[in-house]
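Right, one structure below, let's go through it.
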Amino acid sequence: MRKQDEKTQLTIEELEKKNAQLEQRNKELEAKMEYYKQQFALLQAKRFGTSSEKTDKDQLDLQLFNEAEVSSAVLLAEPTLETISYTRKKKIGRVDRLNDLPVETIHYDLSESEKVCSECDHSMHEMSTQIRKELKIIPAQVTVVEHVQHIYSCRHCETHEIKTPIKKAEMPRPVIPKGLASPSAVAFVMTQKFADGLPLYRQEKQLERMGLPLSRQTISNWMLSSTTSWLKPFYAELYRRIRQEEVLHADETTLQVLEEPGKKAESKSYMWLYRTGRNSDTPIVLFDYQSSRAKENPQKFLEGFEGYLHVDGYAGYESIHNVELAGCWAHARRKFDEALKALRGAPAGAGRTTVAKKGLDFCNRLFTIERKIKDMTPEERLKIRKSDSQPVLNAFLAWLEEQQEIVAPKTATGTAISYTLKQWSKLTTFMKDSRIEIDNNRAELSIKPFVIGRKNWLFAASTRGATSSAIAYSLIETAKENGLNPFFYLQLLFEELPQRDLEKLESFEDLMPWSKNLPTNCYIQSKK
């Protein structure tokens, strides 16, 4: 009987242990299910929802939680009343936008015999005119330009068997020796691909319709030769100058290179972007192709640079020497925005939705302050950041640390909280210097044309082609940053660089995209 009781007791203990294990397993499965639900909702929002991250005021109604009102009342001082005067902005009509375009005028007039009055036979005077404006688009045309070089010799010297001098008229060097490509032709196909995202196979068909049967291989060789011979030294000079800046932005994205040594065709390579900040007098945008995302790539490229570097959350930037990283609040805000989208509509997620909304609201407050001080002097910006942004940061940090202990780390909201806390030291760098921006959107906007173009041409055939693409994108995006028309600017470079000594850096100065000596047609008309 005693042995039977011990056996029964042992069985109960085993059952309790088994039950505890099952309960723990059930909690883990519920957490996983909740995570997958959030991920599914987020993917649905990304696929079918709007891509805008703009916050709806009704969406962030802070009446849902009293603690936000308390923290705001305690930490944020009441704003002082200001007198604001509004000036009605002059409405620009559709016709007014055409003022910078060249005008071709066609007059429609009566003949001399028609200018006689039908009633009294006296001459009629011009009473008024009516003007109708319309746009005329002239499609691209292909013509052949013959460069005829005249060569002279001396008949007298030929007759008397004396050394015969020969003189040649000066003729500009071609952009591609012994080739058909002109500066305008190379600039055209390069702008079509790297500024407008038109792949070479489409350009091949386009040129064929214009009466020019050129293969895409020929067009590709034009771009490879011209970037290597002329744009690469110019790129090197821009690279030398960008490292002299004190504030830079960086970002990176993937690229597929088919024939890369030691790698499969479907493997990923990377295109890195580096660009100057908003206060630079010499706006520069540079792309750098590398076979990997290794931290050695930004280290090598930024060797010699000292200052602030705007980055996203990628840890590879943290090993760069003599550089202080500035984090991106747009990325932190995006995490809370995604958490809100993932939890929206979930019955069990109402409390966490409230948390995500509050985190998003903290981010929005910081961006609201930055929009207010956008056009102020550096001293005024830093002063308002300390008076207005710092209390928001203090409240946000305290709230994050509090929520980290409550919210499950593997949920979308928990991920947003963990990311913001991990990046906090970089996210607060903008409080040290007014030249630092609150986000890295400047780099993301500069790398966007490459990302859009990649959807069209998909991949680079070789490492040489990827490097050539990086140089071409650099010159085109730098031109756009300086208000230049990429086509006319590239045409100017291909006309001038072959005539110059590329070893002399001073020969580049008048061709720099910020130079005041560039021809008028290089500038985008609306930004002159």
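Here's how to read the names in the structure tokens: chain A, B, ... by the order shown, residue numbers from 1 in each chain, ligand numbers from 1 in the order shown.
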
request  = For A:Glu405, work out the shell of residues within 12 Å, counting only C-alpha atoms and skipping chain neighbours fewer than 5 positions away, then give it as an NGL selection string.
outcome  = :A and (398-400 or 414 or 417-418)

note = Among A:Trp514, A:Tyr239, A:Trp222, A:Phe188, A:Leu207 is approached most closely, using only C-alpha atoms, by A:Phe188

message = Considering only C-alpha atoms, can you say which of A:Tyr201, A:Ile151, A:Ile471, A:Glu509 comes closest to A:Ala236?
response =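 Closest to A:Ala236, using only C-alpha atoms: A:Ile471.
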
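Proximity to A:Leu493 was assessed for A:Ala472, A:Ile438, A:Ile369, A:Leu231 counting only C-alpha atoms; the smallest distance is recorded for A:Leu231.
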
So which residues touch A:Val407 within 12 Å, counting only C-alpha atoms, skipping near sequence neighbours fewer than 2 positions away, as a CSV table (one decimal) with N, CA and C atoms, in the first residue's frame?
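To be explicit, this is the file written out as part-v9.csv:
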chain,number,residue,atom,x,y,z
A,31,ALA,N,3.3,33.1,-28.9
A,31,ALA,CA,4.1,34.3,-29.2
A,31,ALA,C,4.6,34.2,-30.7
A,349,GLY,N,-4.2,43.2,-30.0
A,349,GLY,CA,-3.1,44.1,-30.1
A,349,GLY,C,-3.4,45.5,-29.8
A,351,GLY,N,-3.5,47.2,-26.9
A,351,GLY,CA,-2.6,47.8,-26.0
A,351,GLY,C,-1.3,48.1,-26.7
A,352,ARG,N,-0.8,47.1,-27.5
A,352,ARG,CA,0.5,47.3,-28.1
A,352,ARG,C,0.4,48.4,-29.2
A,353,THR,N,-0.8,48.5,-29.9
A,353,THR,CA,-1.1,49.5,-30.8
A,353,THR,C,-0.9,50.9,-30.2
A,354,THR,N,-1.4,51.0,-29.0
A,354,THR,CA,-1.3,52.3,-28.3
A,354,THR,C,0.2,52.6,-28.0
A,355,VAL,N,1.0,51.6,-27.7
A,355,VAL,CA,2.4,51.8,-27.5
A,355,VAL,C,3.1,52.2,-28.8
A,356,ALA,N,2.8,51.6,-29.9
A,356,ALA,CA,3.4,51.9,-31.1
A,356,ALA,C,3.0,53.4,-31.6
A,399,TRP,N,10.7,56.7,-21.6
A,399,TRP,CA,9.5,55.9,-22.0
A,399,TRP,C,10.0,54.6,-22.6
A,400,LEU,N,11.0,54.7,-23.5
A,400,LEU,CA,11.6,53.5,-24.1
A,400,LEU,C,12.1,52.5,-23.1
A,401,GLU,N,12.8,52.9,-22.1
A,401,GLU,CA,13.4,52.0,-21.1
A,401,GLU,C,12.3,51.4,-20.3
A,402,GLU,N,11.2,52.2,-20.1
A,402,GLU,CA,10.1,51.6,-19.3
A,402,GLU,C,9.3,50.5,-20.2
A,403,GLN,N,9.1,50.8,-21.4
A,403,GLN,CA,8.4,49.9,-22.3
A,403,GLN,C,9.2,48.6,-22.6
A,404,GLN,N,10.5,48.8,-22.6
A,404,GLN,CA,11.4,47.6,-22.9
A,404,GLN,C,11.1,46.5,-21.9
A,405,GLU,N,10.8,46.8,-20.7
A,405,GLU,CA,10.5,45.8,-19.7
A,405,GLU,C,9.2,45.2,-19.8
A,409,PRO,N,10.0,41.4,-26.8
A,409,PRO,CA,11.1,41.9,-27.7
A,409,PRO,C,10.9,41.4,-29.2
A,410,LYS,N,10.2,40.3,-29.4
A,410,LYS,CA,10.1,39.7,-30.7
A,410,LYS,C,8.9,40.2,-31.5
A,411,THR,N,8.1,41.1,-30.9
A,411,THR,CA,7.0,41.7,-31.6
A,411,THR,C,7.5,42.9,-32.4
A,412,ALA,N,6.6,43.3,-33.3
A,412,ALA,CA,7.0,44.5,-34.1
A,412,ALA,C,7.2,45.7,-33.3
A,413,THR,N,6.4,45.9,-32.2
A,413,THR,CA,6.6,47.1,-31.4
A,413,THR,C,7.9,46.9,-30.5
A,414,GLY,N,8.1,45.7,-30.1
A,414,GLY,CA,9.4,45.4,-29.3
A,414,GLY,C,10.6,45.6,-30.2
A,415,THR,N,10.5,45.2,-31.4
A,415,THR,CA,11.6,45.4,-32.3
A,415,THR,C,11.9,46.9,-32.5
A,416,ALA,N,10.9,47.7,-32.6
A,416,ALA,CA,11.0,49.2,-32.8
A,416,ALA,C,11.7,49.8,-31.6
A,417,ILE,N,11.3,49.3,-30.4
A,417,ILE,CA,11.8,49.9,-29.1
A,417,ILE,C,13.3,49.4,-29.0
A,418,SER,N,13.6,48.2,-29.3
A,418,SER,CA,15.0,47.7,-29.2
A,418,SER,C,15.9,48.4,-30.2

inquiry  = To test your reading of the structure, identify every residue in stretch 207-448 of chain A that backbone DSSP assigns to helix (DSSP H, G or I), and report it as a ChimeraX atom specification.
reply    = /A:207-209,216-242,296-301,315-319,329-343,347-372,378-404,412-422,424-427,429-431,441-448

Cut-off 9 Å: closest stretch 408-506 of chain A/stretch 521-524 of chain A atom pairs per residue, using only C-alpha atoms, as a tab-separated table:
residue	atom	partner	partner_atom	distance
A:Lys480	CA	A:Ile524	CA	8.7
A:Asn482	CA	A:Tyr523	CA	8.6
A:Gly483	CA	A:Ile524	CA	5.9
A:Leu484	CA	A:Tyr523	CA	4.3
A:Asn485	CA	A:Ile524	CA	5.2
A:Pro486	CA	A:Cys522	CA	7.7
A:Phe487	CA	A:Cys522	CA	8.1
A:Phe488	CA	A:Cys522	CA	5.1
A:Tyr489	CA	A:Cys522	CA	5.4
A:Leu492	CA	A:Cys522	CA	8.2

Can you write out the residues you just picked, keeping C-alpha atoms, as a tab-separated table (two decimals), in the first residue's frame?
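This is the output file again_11.tsv:
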chain	number	residue	atom	x	y	z
A	480	LYS	CA	21.60	67.16	-60.65
A	482	ASN	CA	24.12	71.39	-58.63
A	483	GLY	CA	21.07	72.22	-60.74
A	484	LEU	CA	22.60	71.03	-64.02
A	485	ASN	CA	21.07	69.20	-66.96
A	486	PRO	CA	22.98	65.87	-66.98
A	487	PHE	CA	22.96	65.54	-70.78
A	488	PHE	CA	24.45	68.94	-71.54
A	489	TYR	CA	26.92	68.68	-68.67
A	492	LEU	CA	30.56	69.44	-72.15

Per-residue nearest contacts of stretch 169-254 of chain A to stretch 286-305 of chain A (9 Å; only C-alpha atoms) as a tab-separated table:
residue	atom	partner	partner_atom	distance
A:Tyr235	CA	A:Leu286	CA	8.1
A:Leu238	CA	A:Leu286	CA	8.0
A:Tyr239	CA	A:Leu286	CA	7.4
A:Ile242	CA	A:Phe305	CA	8.3
A:Arg243	CA	A:Phe305	CA	4.8
A:Gln244	CA	A:Phe305	CA	6.4
A:Glu245	CA	A:Phe305	CA	7.4
A:Glu246	CA	A:Phe305	CA	7.7
A:Ala250	CA	A:Pro298	CA	8.8
A:Glu252	CA	A:Arg293	CA	8.2
A:Thr253	CA	A:Arg293	CA	9.0
A:Thr254	CA	A:Arg293	CA	8.8

Please, could you write that set of residues out with N, CA and C atoms as an mmCIF file, in the first residue's frame?
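Generated output (part.cif):
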data_model
loop_
_atom_site.group_PDB
_atom_site.id
_atom_site.type_symbol
_atom_site.label_atom_id
_atom_site.label_comp_id
_atom_site.auth_asym_id
_atom_site.auth_seq_id
_atom_site.Cartn_x
_atom_site.Cartn_y
_atom_site.Cartn_z
ATOM 1 N N TYR A 235 36.257 61.779 -61.704
ATOM 2 C CA TYR A 235 35.698 61.148 -60.511
ATOM 3 C C TYR A 235 36.733 61.154 -59.377
ATOM 4 N N LEU A 238 36.791 64.483 -57.713
ATOM 5 C CA LEU A 238 35.632 64.637 -56.826
ATOM 6 C C LEU A 238 35.817 63.828 -55.546
ATOM 7 N N TYR A 239 36.418 62.651 -55.680
ATOM 8 C CA TYR A 239 36.683 61.798 -54.520
ATOM 9 C C TYR A 239 37.671 62.465 -53.570
ATOM 10 N N ILE A 242 35.677 65.271 -51.720
ATOM 11 C CA ILE A 242 34.618 64.897 -50.776
ATOM 12 C C ILE A 242 35.198 64.508 -49.421
ATOM 13 N N ARG A 243 36.428 64.006 -49.413
ATOM 14 C CA ARG A 243 37.050 63.633 -48.137
ATOM 15 C C ARG A 243 37.531 64.834 -47.356
ATOM 16 N N GLN A 244 37.501 66.015 -47.953
ATOM 17 C CA GLN A 244 37.857 67.241 -47.256
ATOM 18 C C GLN A 244 36.660 67.870 -46.547
ATOM 19 N N GLU A 245 35.471 67.316 -46.781
ATOM 20 C CA GLU A 245 34.262 67.817 -46.132
ATOM 21 C C GLU A 245 34.251 67.427 -44.656
ATOM 22 N N GLU A 246 33.359 68.060 -43.892
ATOM 23 C CA GLU A 246 33.241 67.757 -42.469
ATOM 24 C C GLU A 246 31.959 67.007 -42.123
ATOM 25 N N ALA A 250 26.010 58.517 -45.958
ATOM 26 C CA ALA A 250 26.386 57.240 -46.589
ATOM 27 C C ALA A 250 25.195 56.292 -46.592
ATOM 28 N N GLU A 252 23.937 52.224 -48.725
ATOM 29 C CA GLU A 252 24.355 51.143 -49.618
ATOM 30 C C GLU A 252 23.133 50.341 -50.048
ATOM 31 N N THR A 253 23.257 49.712 -51.219
ATOM 32 C CA THR A 253 22.182 48.868 -51.727
ATOM 33 C C THR A 253 22.791 47.745 -52.548
ATOM 34 N N THR A 254 21.992 46.741 -52.841
ATOM 35 C CA THR A 254 22.502 45.554 -53.515
ATOM 36 C C THR A 254 22.619 45.755 -55.025
#

ask   = What is the distance, in Å and to one decimal place, between atom CA of A:Ile219 and atom CA of A:Thr191?
value =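 Between atom CA of A:Ile219 and atom CA of A:Thr191 the gap is 12.4 Å.
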
message = Would you pick out the contacts of A:Val257 at 6 Å or less, using only C-alpha atoms, so that residues sharing its chain but fewer than 4 positions from it are not included, and give the list as a PyMOL selection string?
response = chain A and resi 459-462

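Comparing the minimum interatomic distances between A:Gln499 and each of A:Leu214, A:Met171, A:Met33, A:Ile138, counting only C-alpha atoms, we find that A:Met171 sits nearest.
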
Please extract the residues of stretch 139-381 of chain A with a backbone DSSP assignment of strand (DSSP E) and present them as a short mmCIF file (atom, residue, chain, number, x, y, z; two decimals) with C-alpha atoms, in the first residue's frame.
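selection_18.cif was written with the following content:
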data_model
loop_
_atom_site.label_atom_id
_atom_site.label_comp_id
_atom_site.auth_asym_id
_atom_site.auth_seq_id
_atom_site.Cartn_x
_atom_site.Cartn_y
_atom_site.Cartn_z
CA ILE A 151 46.79 69.69 -94.32
CA TYR A 152 49.33 71.94 -96.08
CA SER A 153 52.85 71.44 -97.47
CA ILE A 166 53.74 69.92 -93.23
CA LYS A 167 51.16 71.91 -91.30
CA LYS A 168 47.80 70.62 -90.09
CA VAL A 247 29.73 66.31 -42.83
CA LEU A 248 28.84 63.40 -45.13
CA HIS A 249 26.01 60.94 -45.73
CA ALA A 250 26.39 57.24 -46.59
CA ASP A 251 24.12 54.42 -47.71
CA GLU A 252 24.35 51.14 -49.62
CA THR A 253 22.18 48.87 -51.73
CA THR A 254 22.50 45.55 -53.51
CA LEU A 255 23.66 44.94 -57.08
CA VAL A 257 27.05 41.26 -61.18
CA LEU A 258 26.99 38.23 -63.48
CA GLU A 259 30.71 37.73 -64.09
CA SER A 269 27.30 42.68 -54.65
CA TYR A 270 26.89 46.22 -53.33
CA MET A 271 26.78 49.79 -54.56
CA TRP A 272 27.80 52.23 -51.85
CA LEU A 273 26.83 55.89 -51.87
CA TYR A 274 28.61 58.83 -50.23
CA ARG A 275 27.49 62.43 -50.52
CA THR A 276 27.99 65.86 -49.00
CA VAL A 285 27.43 62.51 -54.88
CA LEU A 286 29.72 59.50 -55.37
CA PHE A 287 28.88 55.83 -55.96
CA ASP A 288 31.40 53.09 -55.16
CA TYR A 289 30.96 49.52 -56.40
CA GLN A 290 32.22 46.73 -54.12
CA GLY A 307 33.90 64.57 -39.23
CA TYR A 308 30.28 63.50 -38.95
CA LEU A 309 28.81 60.70 -41.06
CA HIS A 310 25.04 60.21 -41.43
CA VAL A 323 34.36 59.61 -37.64
CA GLU A 324 31.35 60.27 -35.42
CA LEU A 325 28.18 58.60 -36.66
CA ALA A 326 24.83 60.39 -36.83
#
